[in-house]
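This is upload.txt. It holds compact mmCIF, C-alpha atoms.
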# COMPACT_ATOMS: atom_id res chain seq x y z
CA MET Q 19 -14.11 -23.38 14.54
CA THR Q 20 -15.48 -21.38 11.60
CA CYS Q 21 -14.46 -17.77 11.26
CA PHE Q 22 -16.50 -15.19 9.31
CA GLN Q 23 -14.90 -11.79 8.79
CA PRO Q 24 -15.67 -8.63 6.81
CA LYS Q 25 -14.68 -8.59 3.17
CA ASN Q 26 -11.35 -7.10 2.14
CA SER Q 27 -9.66 -7.87 5.41
CA LEU Q 28 -6.25 -9.28 6.21
CA LEU Q 29 -5.54 -12.23 8.52
CA ILE Q 30 -2.34 -12.81 10.46
CA ILE Q 31 -1.78 -16.18 12.13
CA SER Q 32 0.97 -15.56 14.64
CA ASN Q 33 1.94 -15.31 18.30
CA ASP Q 34 4.59 -12.65 17.63
CA SER Q 35 3.42 -9.43 19.34
CA PHE Q 36 5.93 -7.36 17.35
CA ILE Q 37 4.66 -8.57 13.97
CA ILE Q 38 1.04 -8.18 15.10
CA GLY Q 39 1.70 -4.67 16.42
CA LEU Q 40 3.47 -3.68 13.21
CA LEU Q 41 0.60 -4.93 11.07
CA THR Q 42 -1.96 -3.28 13.35
CA GLY Q 43 -0.35 0.12 12.90
CA TYR Q 44 0.04 -0.43 9.18
CA CYS Q 45 -3.60 -1.47 8.68
CA VAL Q 46 -4.93 1.44 10.75
CA ALA Q 47 -2.86 3.86 8.68
CA ASN Q 48 -4.05 2.33 5.40
CA HIS Q 49 -7.67 1.64 6.39
CA PHE Q 50 -7.41 -2.15 6.16
CA THR Q 51 -9.20 -4.50 8.53
CA LEU Q 52 -6.81 -6.75 10.45
CA ASN Q 53 -7.78 -10.03 12.11
CA CYS Q 54 -5.44 -12.04 14.34
CA ILE Q 55 -5.48 -15.74 15.21
CA SER Q 56 -3.07 -17.46 17.54
CA SER Q 57 -0.85 -20.04 15.88
CA ALA Q 58 -1.82 -22.51 18.58
CA LYS Q 59 -5.54 -22.41 17.70
CA PRO Q 60 -7.33 -24.20 14.86
CA LEU Q 61 -7.90 -21.99 11.87
CA LEU Q 62 -11.05 -22.89 9.91
CA ASN Q 63 -12.96 -26.06 9.22
CA ASN Q 64 -13.68 -27.32 5.70
CA GLY Q 65 -11.97 -24.30 4.17
CA ASP Q 66 -15.01 -22.05 4.61
CA ASN Q 67 -14.66 -18.68 2.92
CA PRO Q 68 -13.34 -16.15 5.46
CA ASN Q 69 -13.49 -13.26 2.94
CA PHE Q 70 -9.83 -12.49 3.54
CA LYS Q 71 -7.94 -10.77 0.74
CA LEU Q 72 -4.65 -12.02 2.15
CA ILE Q 73 -3.59 -14.51 4.82
CA ILE Q 74 -0.17 -14.21 6.46
CA PHE Q 75 1.00 -17.32 8.29
CA ASP Q 76 3.89 -17.20 10.76
CA LEU Q 77 5.69 -20.56 10.50
CA ARG Q 78 8.34 -19.83 13.09
CA ASP Q 79 8.36 -21.79 16.35
CA LEU Q 80 5.54 -24.14 15.30
CA THR Q 81 5.45 -27.86 15.97
CA SER Q 82 5.00 -30.11 12.95
CA SER Q 83 1.51 -31.21 13.98
CA VAL Q 84 0.21 -27.65 14.45
CA MET Q 85 1.80 -26.54 11.18
CA GLU Q 86 0.20 -29.41 9.26
CA GLU Q 87 -3.21 -28.59 10.73
CA HIS Q 88 -3.00 -24.98 9.59
CA LEU Q 89 -1.59 -25.86 6.19
CA GLU Q 90 -4.45 -28.24 5.48
CA SER Q 91 -7.05 -25.52 6.15
CA LEU Q 92 -5.04 -22.95 4.21
CA ARG Q 93 -4.74 -25.31 1.24
CA LYS Q 94 -8.53 -25.71 1.10
CA ILE Q 95 -9.07 -21.94 1.25
CA HIS Q 96 -6.47 -21.28 -1.42
CA ASN Q 97 -7.80 -23.96 -3.78
CA LYS Q 98 -11.43 -22.92 -3.37
CA TYR Q 99 -11.12 -19.12 -3.30
CA SER Q 100 -7.62 -18.40 -4.72
CA THR Q 101 -6.79 -16.46 -1.55
CA PRO Q 102 -3.08 -15.53 -1.48
CA ILE Q 103 -1.24 -17.33 1.32
CA CYS Q 104 2.07 -15.89 2.52
CA ALA Q 105 4.39 -17.41 5.08
CA ILE Q 106 6.91 -15.72 7.38
CA HIS Q 107 9.82 -17.97 8.22
CA ASN Q 108 13.41 -18.15 9.30
CA LEU Q 109 15.27 -19.43 6.26
CA ASN Q 110 17.82 -21.26 8.40
CA ARG Q 111 15.06 -23.35 9.99
CA MET Q 112 12.88 -23.93 6.92
CA PRO Q 113 13.80 -27.08 4.95
CA LEU Q 114 13.42 -26.54 1.22
CA TYR Q 115 11.43 -29.75 0.79
CA ARG Q 116 8.72 -28.33 3.07
CA MET Q 117 8.10 -25.29 0.85
CA LEU Q 118 4.83 -25.50 -1.08
CA SER Q 119 4.26 -23.96 -4.51
CA TRP Q 120 0.98 -22.24 -3.56
CA ILE Q 121 2.57 -20.32 -0.66
CA SER Q 122 4.72 -17.19 -1.04
CA TYR Q 123 7.57 -17.43 1.45
CA TYR Q 124 9.22 -14.42 3.06
CA LYS Q 125 12.08 -14.40 5.50
CA ASP Q 126 11.08 -12.48 8.63
CA LYS Q 127 13.48 -9.56 8.14
CA THR Q 128 12.68 -9.27 4.41
CA PHE Q 129 8.96 -9.19 5.16
CA ILE Q 130 9.34 -6.28 7.59
CA GLU Q 131 11.57 -4.29 5.24
CA ARG Q 132 9.21 -4.72 2.29
CA LEU Q 133 5.96 -4.48 4.23
CA ASP Q 134 4.32 -1.65 2.24
CA ASP Q 135 5.01 -2.95 -1.27
CA TYR Q 136 4.41 -6.54 -0.16
CA ILE Q 137 0.91 -6.05 1.28
CA ASN Q 138 -0.24 -3.66 -1.44
CA LYS Q 139 0.75 -6.28 -4.01
CA TYR Q 140 -2.17 -8.36 -2.76
CA MET Q 141 -4.46 -5.62 -1.44
CA ASN Q 142 -4.16 -3.20 -4.38
CA ASP Q 143 -7.85 -3.41 -5.27
CA PHE Q 144 -8.95 -2.75 -1.70
CA THR Q 145 -11.22 0.30 -1.65
CA HIS Q 146 -12.41 1.92 1.52
CA PHE Q 147 -15.35 4.32 1.49
CA PHE Q 148 -13.28 6.93 3.31
CA ASP Q 149 -10.53 6.70 0.70
CA GLU Q 150 -13.02 7.12 -2.14
CA ARG Q 151 -14.65 10.11 -0.52
CA ARG Q 152 -11.29 11.72 0.25
CA ASN Q 153 -10.00 11.14 -3.28
CA TYR Q 154 -13.23 12.52 -4.74
CA ASN Q 155 -12.85 15.70 -2.70
CA ARG Q 156 -9.24 16.01 -3.74
CA ARG Q 157 -10.19 15.67 -7.41
CA LEU Q 158 -12.77 18.40 -6.96
CA GLY Q 159 -10.14 20.65 -5.40
CA ALA Q 160 -7.53 19.90 -8.06
CA GLY Q 161 -7.56 22.51 -10.78
CA ARG Q 162 -9.13 25.30 -8.76
CA ARG Q 163 -7.09 28.46 -8.70
CA LYS Q 164 -6.71 30.00 -5.29
CA LEU Q 165 -6.40 33.57 -6.62
CA LEU Q 166 -7.76 35.43 -3.63
CA GLY Q 167 -5.48 33.84 -1.04
CA THR Q 168 -2.45 34.10 -3.32
CA ILE Q 169 -3.05 37.76 -4.14
CA ASN Q 170 -3.62 38.61 -0.46
CA ALA Q 171 -0.38 36.88 0.49
CA TYR Q 172 1.61 39.03 -1.92
CA SER Q 173 -0.38 42.25 -1.95
CA SER Q 174 1.60 43.76 0.93
CA LYS Q 175 4.97 43.06 -0.73
CA PRO Q 176 6.46 45.80 -2.92
CA LEU Q 177 7.22 44.70 -6.46
CA ASN Q 178 10.88 45.37 -7.14
CA GLY Q 179 13.49 43.82 -9.35
CA THR Q 180 13.75 40.66 -7.25
CA ALA Q 181 10.16 40.09 -6.19
CA SER Q 182 7.79 38.18 -8.41
CA LEU Q 183 4.24 36.97 -8.18
CA PRO Q 184 3.63 33.25 -8.60
CA ASN Q 185 2.31 32.11 -11.95
CA LEU Q 186 -1.44 32.61 -11.51
CA ASP Q 187 -2.07 30.57 -14.65
CA SER Q 188 -0.60 27.50 -12.95
CA VAL Q 189 -3.05 24.91 -11.67
CA LEU Q 190 -2.86 24.57 -7.89
CA GLU Q 191 -3.85 21.33 -6.23
CA SER Q 192 -5.38 21.62 -2.77
CA LEU Q 193 -4.48 19.39 0.17
CA GLY Q 194 -5.71 20.74 3.49
CA PRO Q 195 -3.91 24.07 4.12
CA PHE Q 196 -1.36 23.24 1.41
CA GLU Q 197 -1.41 24.29 -2.24
CA ILE Q 198 0.76 22.31 -4.67
CA ASP Q 199 1.98 23.93 -7.89
CA LYS Q 200 3.36 21.00 -9.88
CA ASP Q 201 4.40 23.14 -12.84
CA CYS Q 202 6.62 25.44 -10.78
CA GLN Q 203 7.36 22.82 -8.11
CA ASN Q 204 6.22 25.11 -5.31
CA ILE Q 205 4.34 24.28 -2.12
CA TYR Q 206 2.25 26.98 -0.40
CA LEU Q 207 1.12 26.75 3.21
CA ASN Q 208 -1.71 29.18 3.91
CA GLY Q 209 -0.58 31.22 0.89
CA LYS Q 210 3.13 31.27 1.85
CA ASN Q 211 5.68 29.70 -0.47
CA LEU Q 212 7.74 27.19 1.54
CA ASP Q 213 10.70 27.51 -0.88
CA LEU Q 214 11.41 23.79 -1.06
CA THR Q 215 14.44 22.43 -2.87
CA ALA Q 216 13.91 20.02 -5.78
CA LYS Q 217 14.41 16.92 -3.60
CA GLU Q 218 12.29 18.34 -0.77
CA PHE Q 219 9.50 18.94 -3.29
CA LYS Q 220 9.79 15.36 -4.63
CA LEU Q 221 9.64 14.02 -1.08
CA PHE Q 222 6.61 16.13 -0.15
CA LYS Q 223 4.83 15.30 -3.41
CA LEU Q 224 5.30 11.54 -3.03
CA LEU Q 225 4.00 11.55 0.54
CA SER Q 226 1.06 13.83 -0.29
CA GLU Q 227 -0.09 11.89 -3.35
CA ASP Q 228 -1.83 9.35 -1.13
CA PRO Q 229 -2.40 10.82 2.37
CA GLU Q 230 -2.66 8.44 5.33
CA ARG Q 231 -1.00 5.64 3.36
CA VAL Q 232 2.38 4.59 4.72
CA CYS Q 233 5.32 5.03 2.35
CA THR Q 234 8.26 2.79 3.20
CA ASN Q 235 11.80 4.04 3.66
CA GLU Q 236 12.84 1.82 0.75
CA LYS Q 237 10.28 3.38 -1.59
CA LEU Q 238 11.22 6.92 -0.58
CA ILE Q 239 14.95 6.30 -1.08
CA THR Q 240 14.34 4.72 -4.50
CA HIS Q 241 12.15 7.68 -5.49
CA LEU Q 242 14.69 10.31 -4.42
CA TRP Q 243 17.80 8.46 -5.59
CA PRO Q 244 16.84 6.06 -8.42
CA ASP Q 245 20.37 4.70 -8.89
CA ARG Q 246 20.84 4.35 -5.09
CA LYS Q 247 24.62 4.16 -5.41
CA ARG Q 248 25.26 6.69 -2.66
CA ALA Q 249 21.95 6.86 -0.82
CA ASN Q 250 20.92 5.25 2.45
CA LYS Q 251 18.51 5.81 5.33
CA SER Q 252 20.74 8.49 6.82
CA ASP Q 253 20.31 10.59 3.68
CA LEU Q 254 16.55 10.11 3.85
CA TYR Q 255 16.45 11.12 7.53
CA GLN Q 256 18.44 14.27 6.73
CA TYR Q 257 16.06 15.36 3.96
CA MET Q 258 13.05 14.50 6.10
CA HIS Q 259 14.45 16.71 8.87
CA LEU Q 260 14.99 19.60 6.42
CA LEU Q 261 11.50 19.19 4.97
CA ARG Q 262 9.88 19.15 8.39
CA LYS Q 263 11.70 22.36 9.35
CA LYS Q 264 9.86 24.10 6.51
CA VAL Q 265 6.52 22.30 6.72
CA GLU Q 266 5.92 21.76 10.43
CA LEU Q 267 5.17 24.35 13.07
CA ASP Q 268 7.14 22.22 15.53
CA PRO Q 269 9.50 19.85 13.64
CA SER Q 270 10.22 17.88 16.82
CA ASN Q 271 6.51 17.16 17.20
CA PRO Q 272 5.24 16.90 13.59
CA CYS Q 273 1.55 16.89 12.78
CA TRP Q 274 1.70 16.54 8.99
CA ILE Q 275 4.55 14.15 8.20
CA ILE Q 276 4.28 11.26 10.65
CA THR Q 277 6.92 8.62 11.32
CA ILE Q 278 5.72 5.00 11.30
CA LYS Q 279 8.44 3.39 13.37
CA GLY Q 280 10.28 0.61 11.60
CA VAL Q 281 8.39 1.12 8.32
CA GLY Q 282 8.52 4.65 6.91
CA TYR Q 283 6.39 7.80 6.83
CA LYS Q 284 2.89 8.97 6.01
CA PHE Q 285 1.27 12.32 5.29
CA HIS Q 286 -1.48 12.98 7.82
CA ILE Q 287 -4.30 15.24 6.72

Go through the file and emit its structure as C-alpha cells.
Amino acid sequence: MTCFQPKNSLLIISNDSFIIGLLTGYCVANHFTLNCISSAKPLLNNGDNPNFKLIIFDLRDLTSSVMEEHLESLRKIHNKYSTPICAIHNLNRMPLYRMLSWISYYKDKTFIERLDDYINKYMNDFTHFFDERRNYNRRLGAGRRKLLGTINAYSSKPLNGTASLPNLDSVLESLGPFEIDKDCQNIYLNGKNLDLTAKEFKLFKLLSEDPERVCTNEKLITHLWPDRKRANKSDLYQYMHLLRKKVELDPSNPCWIITIKGVGYKFHI
C-alpha cells in the first residue's frame, strides 16, 4: 500500500487511542496535519515519499514480525528523504541491542511530558498560511499607538496625586481586544489596565507571543522560575488561576487562556 499525504504533515503509527487523541488535539491547536496508521497495517512500499516532516512509530505491544516490516519501510524513507523517525517505547521492554542509530527513542511518559518541545524540534520550519497571515496582521498592529481608546478610558477620571495617565509614548502591541505595553509591563483590555503582577505579565506575554500554539507546563514553569528549585505544577496552576481572574470574564469558563489537558495551555484569539 502506497500512501500519499500533504506536505508538512505528521504521521503517527499506533493503536493507542490516548496517544492519537493527544496528538490530534495538539496538531489542531498548532495547525499541523496529522495522519494515523494502525500498527497492524503495512506502512509503505519501496519507501515512497509520503511528504511527512516527522514520523512517530509506537513500538509498544508489537510482534517482532510486524515491527520488522515497519522498520524496513521506515529505513528506506529515512535513507532516501532524511525524514526524522521517532519511536515511542517502554524502556523496560526495549532491548538495547534492538535500538537503531537512525531512530530517536522516547519512553512513553517522557514523550508525553515533552510533547511541545519535542515535535517543534522537527516541525520548526512548518509554515501554515493562516499563521503567516495572522503574524503579518500582528506585525502591522505592533507599533500603533491606541491614543483615542486610551484617552477615552482615562478622560472621566480626575487627575489627583495618585492617578496617572499611561505613558502615551510607549509602543502598544495589539492582540485582539488586548493592548500590550512591554516597556511598562502593562496589559490593557478594552482600554482598562488589568494591573498584572510581574509574573502574571510574564505568563500572559509568553502565551500571547504565539497565539493558538500550545505551550507546555514544563516550558511555562521554566520561563517563570528559571532555577526551578521551588517551583512545580501547583505553583503554575495558582498563577494561571490568578491571571484568569483578571483576564477572563468568567475564569471558570475561560475563552482566552485555554487548557490543553495533559499538555499545557494556549492563548486563543

Fill in: Distance of CA of Val281 in chain Q from CA of Ser57 in chain Q, expressed in Å to one decimal place
24.3 Å

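With distances restricted to all atoms listed in the file, Q:Leu61 is the closest residue to Ser91 in chain Q from Q:Ser35, Q:Leu61, Q:Met117, Q:Leu133.
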
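In terms of minimum interatomic distance to Asn33 in chain Q, Q:Phe75 ranks closest within Q:Phe75, Q:Tyr136, Q:Phe50, Q:Tyr124, counting all atoms listed in the file.
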
Item to complete: Tell me which protein, DNA and RNA residues are within 8 Å of Glu197 in chain Q, counting only C-alpha atoms, leaving out same-chain ones fewer than 6 positions away, and put them as a PyMOL selection string.
Response: chain Q and resi 190-191+205-209

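Using only C-alpha atoms for every distance, the candidate list Q:His241, Q:Lys251, Q:His286, Q:His88 yields Q:His286 as the residue closest to Gly194 in chain Q.
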
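Taking CA of Leu92 in chain Q and CA of Ala47 in chain Q as endpoints, the distance between them is 27.3 Å.
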
Please produce range 203-214 of chain Q, completed to all heavy atoms, as a short mmCIF file (atom, residue, chain, number, x, y, z; two decimals), in the frame of the given file.
data_model
loop_
_atom_site.label_atom_id
_atom_site.label_comp_id
_atom_site.auth_asym_id
_atom_site.auth_seq_id
_atom_site.Cartn_x
_atom_site.Cartn_y
_atom_site.Cartn_z
N GLN Q 203 6.81 23.58 -9.23
CA GLN Q 203 7.36 22.82 -8.11
C GLN Q 203 7.45 23.67 -6.84
O GLN Q 203 8.48 23.73 -6.18
CB GLN Q 203 8.73 22.25 -8.46
CG GLN Q 203 8.68 21.21 -9.57
CD GLN Q 203 9.95 20.39 -9.69
OE1 GLN Q 203 10.94 20.64 -9.02
NE2 GLN Q 203 9.91 19.39 -10.54
N ASN Q 204 6.32 24.32 -6.53
CA ASN Q 204 6.22 25.11 -5.31
C ASN Q 204 5.13 24.55 -4.41
O ASN Q 204 4.11 24.03 -4.89
CB ASN Q 204 5.88 26.58 -5.63
CG ASN Q 204 7.05 27.32 -6.25
OD1 ASN Q 204 8.21 27.05 -5.92
ND2 ASN Q 204 6.76 28.24 -7.15
N ILE Q 205 5.35 24.66 -3.12
CA ILE Q 205 4.34 24.28 -2.12
C ILE Q 205 4.01 25.52 -1.31
O ILE Q 205 4.90 26.20 -0.80
CB ILE Q 205 4.86 23.17 -1.17
CG1 ILE Q 205 5.35 21.96 -1.97
CG2 ILE Q 205 3.77 22.77 -0.18
CD1 ILE Q 205 4.28 21.23 -2.72
N TYR Q 206 2.71 25.83 -1.18
CA TYR Q 206 2.25 26.98 -0.40
C TYR Q 206 1.51 26.48 0.82
O TYR Q 206 0.69 25.58 0.74
CB TYR Q 206 1.33 27.87 -1.24
CG TYR Q 206 1.99 28.45 -2.47
CD1 TYR Q 206 1.94 27.76 -3.69
CD2 TYR Q 206 2.67 29.66 -2.42
CE1 TYR Q 206 2.55 28.28 -4.82
CE2 TYR Q 206 3.28 30.18 -3.55
CZ TYR Q 206 3.22 29.49 -4.74
OH TYR Q 206 3.83 30.00 -5.86
N LEU Q 207 1.83 27.05 1.96
CA LEU Q 207 1.12 26.75 3.21
C LEU Q 207 0.43 28.02 3.66
O LEU Q 207 1.09 29.00 4.01
CB LEU Q 207 2.10 26.26 4.28
CG LEU Q 207 1.51 26.00 5.67
CD1 LEU Q 207 0.38 24.97 5.60
CD2 LEU Q 207 2.60 25.53 6.65
N ASN Q 208 -0.91 28.00 3.60
CA ASN Q 208 -1.71 29.18 3.91
C ASN Q 208 -1.27 30.39 3.09
O ASN Q 208 -1.17 31.51 3.59
CB ASN Q 208 -1.64 29.50 5.40
CG ASN Q 208 -2.24 28.40 6.26
OD1 ASN Q 208 -3.25 27.80 5.89
ND2 ASN Q 208 -1.63 28.13 7.40
N GLY Q 209 -0.95 30.15 1.81
CA GLY Q 209 -0.58 31.22 0.89
C GLY Q 209 0.90 31.56 0.88
O GLY Q 209 1.34 32.35 0.05
N LYS Q 210 1.69 30.96 1.78
CA LYS Q 210 3.13 31.27 1.85
C LYS Q 210 3.93 30.20 1.14
O LYS Q 210 3.77 29.01 1.40
CB LYS Q 210 3.57 31.37 3.31
CG LYS Q 210 5.06 31.66 3.47
CD LYS Q 210 5.46 31.64 4.94
CE LYS Q 210 6.96 31.86 5.10
NZ LYS Q 210 7.38 31.80 6.52
N ASN Q 211 4.81 30.63 0.24
CA ASN Q 211 5.68 29.70 -0.47
C ASN Q 211 6.72 29.15 0.50
O ASN Q 211 7.46 29.90 1.15
CB ASN Q 211 6.38 30.42 -1.63
CG ASN Q 211 7.08 29.44 -2.57
OD1 ASN Q 211 7.34 28.30 -2.23
ND2 ASN Q 211 7.39 29.91 -3.77
N LEU Q 212 6.81 27.82 0.59
CA LEU Q 212 7.74 27.19 1.54
C LEU Q 212 9.16 27.13 1.00
O LEU Q 212 10.08 26.76 1.72
CB LEU Q 212 7.25 25.77 1.87
CG LEU Q 212 5.89 25.68 2.56
CD1 LEU Q 212 5.54 24.22 2.83
CD2 LEU Q 212 5.89 26.47 3.87
N ASP Q 213 9.35 27.48 -0.28
CA ASP Q 213 10.70 27.51 -0.88
C ASP Q 213 11.42 26.18 -0.72
O ASP Q 213 12.56 26.12 -0.23
CB ASP Q 213 11.53 28.64 -0.29
CG ASP Q 213 10.98 30.01 -0.64
OD1 ASP Q 213 10.50 30.18 -1.78
OD2 ASP Q 213 11.01 30.89 0.24
N LEU Q 214 10.80 25.11 -1.15
CA LEU Q 214 11.41 23.79 -1.06
C LEU Q 214 12.46 23.60 -2.15
O LEU Q 214 12.32 24.13 -3.26
CB LEU Q 214 10.35 22.69 -1.18
CG LEU Q 214 9.20 22.69 -0.17
CD1 LEU Q 214 8.34 21.46 -0.37
CD2 LEU Q 214 9.71 22.76 1.27
#
